[in-house]
Structure formats: C-alpha cells, structure tokens
Amino acid sequence: MDWNLLDYRYEEMRNLADYIRHRRSDNHTPRLLFVCTHNSRRSQIARSIAPLIFHRLARRLDPQADSPYVQAYSGGSEVTRVHPNTVKALLRAGFELNEGNPSIEKNDSPGTDSEAPAREPDPVVSAEANASSVQNGGGMQGPGENPMYRLRDPEGHFLELFSKKLDHPMNPGSHFAAIMVCSSADEACPVVSGADLRISLPFEDPGISDGQPGADASYDAAMQAIARDLYCIFNLALRP
C-alpha cells in the first residue's frame, strides 16, 4: 500500500469537491472536462456517468433541489475514436443506443482499424451506420474513422460520444475543472488552457484487455473505479 499516493489522491478529490461546491454556491453549473490521451475509453466513460451520478446523489440528499446538475465533457491530446468496448460497457450499465449509430463490433482486437480483420456486427448492439461526418479538432472525419455514438443514460438524458481534442469547440474554453484520468495525459498536459482547476485522477487502462476473454470485466471494473471516485467527490461537494 502506497499511503502517500492514497493521501495525494484524496487531496485531489477533495480539491475537486471544493471547486464544485464553490461553483454551485456562486449559482454556476460546475463544468468538468475529463481528459485522457486518446479520448477513447476512460475519459468517455467518466464524461458519460458523471452527470448521472451527480444528479442521482443530489436528488437523494435533497429531493427538493432544483436542477442539481453538472456539465461533463471529454477530450484528449489526440483524436482517435471511441472504442466499441467503451460503448458496450455503457450499454451493460443501463445506457441505450439511439437510432443512427455505427455498428459495435464484437471481439474487437487491439491495433488500428486498418489492422483489424473484418467482423460481423453484434446483433444485440448493432445499429445503422452514422452517415454524417464528425467535426474534430483536426478537421472532418467520416464515421469509419471516428464515429459518433448517440446514447441516452438510464434517466433518459441524451449524450453524444466521439473522440476529440481537449480544445475542441464543443468543450469549454474557460471556467471549468480539467480532470486527468490517465497518467500519460497527466504528463503530456501539465497545463490545460482556460481551466480554473487541474486535477490528477488516473485510472487503470481497460484497453490492455482488448481482444482478450476478460475485456468486458476489465471495462466494467474501470467504470466501477471511476464511479466510486466520482461518487465520493460529489458526496463531498453536496453535503453541508
């Protein structure tokens, strides 16, 4: 057990909780930008589940509260794609696909799309390919390169997931907290332009299990770890 690392992580979580509390006390909706290198797995998971966890916890602590929300975003130092295993993990957690989504391949193997052999789409989570291009920090990319996944969370809130750089126009340019959820992004982005606060909360990469029998369990464990930390942060932020 590395007690120093544990103490450091708790301090980072408490700092983020304090930031959220202060933003809410000033009548501002807290804005959280989750950052990992490829914006493919951990940052997408965190961005997806953060508003849901915050809303549920806030309503539980104060059922009469008005619009207890945070706004969550994600970005990376590179543009790649949202990994299909990320979307599958969200589906297992109760999220639903909207119409017009690209197919989510089963048994997705490591490596780039060009290296992976063609596979039959999973009929359980397959959806119609998204015909529109997705605008990224690096320009326009078609659905085969960087598809956009449109989902709804278990409470029916709509969200769109695609890989983008942290300075993408859809992300906030100021008055937000940047949460670094992978160690490589933490090292590559020592400063996040426009952020009021920069937090280091790296999580284990579930991508190391891609193409392996235990991939689902690895992604579910990553989501559980992210959810636990967010729950603790939001609990600190919302309690008197």
# chains A, B, ... in the order shown; residues from 1 in each chain; ligands from 1

call {"tool": "residues_around", "arguments": {"residues": "segment 92-97 of chain A", "least_positions_apart": "4", "cutoff": "9 Å", "atoms": "only C-alpha atoms", "output": "PyMOL selection string"}}
result
chain A and resi 87-88+101+125+127+149-156+220+223

call {"tool": "residues_around", "arguments": {"residues": "Asp186 of chain A", "least_positions_apart": "4", "cutoff": "12 Å", "atoms": "only C-alpha atoms", "output": "JSON, numbers by chain"}}
result
{"A": [34, 35, 36, 37, 76, 77, 178, 179, 180, 181, 182, 190, 191, 192, 198, 199, 200, 201, 202, 203]}

call {"tool": "write_last_selection", "arguments": {"atoms": "C-alpha atoms", "output": "PDB file, in the first residue's frame"}}
result
ATOM      1  CA  PHE A  34     -12.271  14.618 -18.381  1.00  0.00           C
ATOM      2  CA  VAL A  35      -9.005  14.155 -20.264  1.00  0.00           C
ATOM      3  CA  CYS A  36      -7.083  11.086 -21.428  1.00  0.00           C
ATOM      4  CA  THR A  37      -4.632  10.709 -24.290  1.00  0.00           C
ATOM      5  CA  GLY A  76      -7.659  14.073 -25.425  1.00  0.00           C
ATOM      6  CA  SER A  77      -4.267  15.110 -26.677  1.00  0.00           C
ATOM      7  CA  ALA A 178      -9.854  19.542 -16.001  1.00  0.00           C
ATOM      8  CA  ILE A 179      -9.607  16.001 -14.629  1.00  0.00           C
ATOM      9  CA  MET A 180      -6.726  13.953 -15.998  1.00  0.00           C
ATOM     10  CA  VAL A 181      -7.875  10.326 -15.943  1.00  0.00           C
ATOM     11  CA  CYS A 182      -4.766   8.693 -17.450  1.00  0.00           C
ATOM     12  CA  PRO A 190       0.829  19.812 -17.374  1.00  0.00           C
ATOM     13  CA  VAL A 191      -1.289  22.895 -18.097  1.00  0.00           C
ATOM     14  CA  VAL A 192      -4.824  22.940 -19.506  1.00  0.00           C
ATOM     15  CA  ARG A 198      -6.436  20.844 -12.927  1.00  0.00           C
ATOM     16  CA  ILE A 199      -6.884  17.527 -11.105  1.00  0.00           C
ATOM     17  CA  SER A 200      -4.875  14.315 -11.489  1.00  0.00           C
ATOM     18  CA  LEU A 201      -7.013  11.183 -11.045  1.00  0.00           C
ATOM     19  CA  PRO A 202      -5.519   8.450 -13.254  1.00  0.00           C
ATOM     20  CA  PHE A 203      -7.304   5.113 -13.598  1.00  0.00           C
TER      21      PHE A 203
END

call {"tool": "closest_residue", "arguments": {"among": "A:Ser183, A:Asn235, A:Ser193, A:Gln71", "to": "Arg23 of chain A", "atoms": "only C-alpha atoms"}}
result
A:Gln71

call {"tool": "atom_distance", "arguments": {"atom1": "atom CA of Tyr8 of chain A", "atom2": "atom CA of Lys165 of chain A"}}
result
27.1 Å

call {"tool": "select_by_dssp", "arguments": {"residues": "segment 3-235 of chain A", "states": "strand (DSSP E)", "output": "PyMOL selection string"}}
result
chain A and resi 31-35+71-75+96-97+134-136+139-141+149-152+158-161+177-180+197-200

call {"tool": "atom_distance", "arguments": {"atom1": "atom CA of Tyr69 of chain A", "atom2": "atom CA of Ser48 of chain A"}}
result
13.1 Å
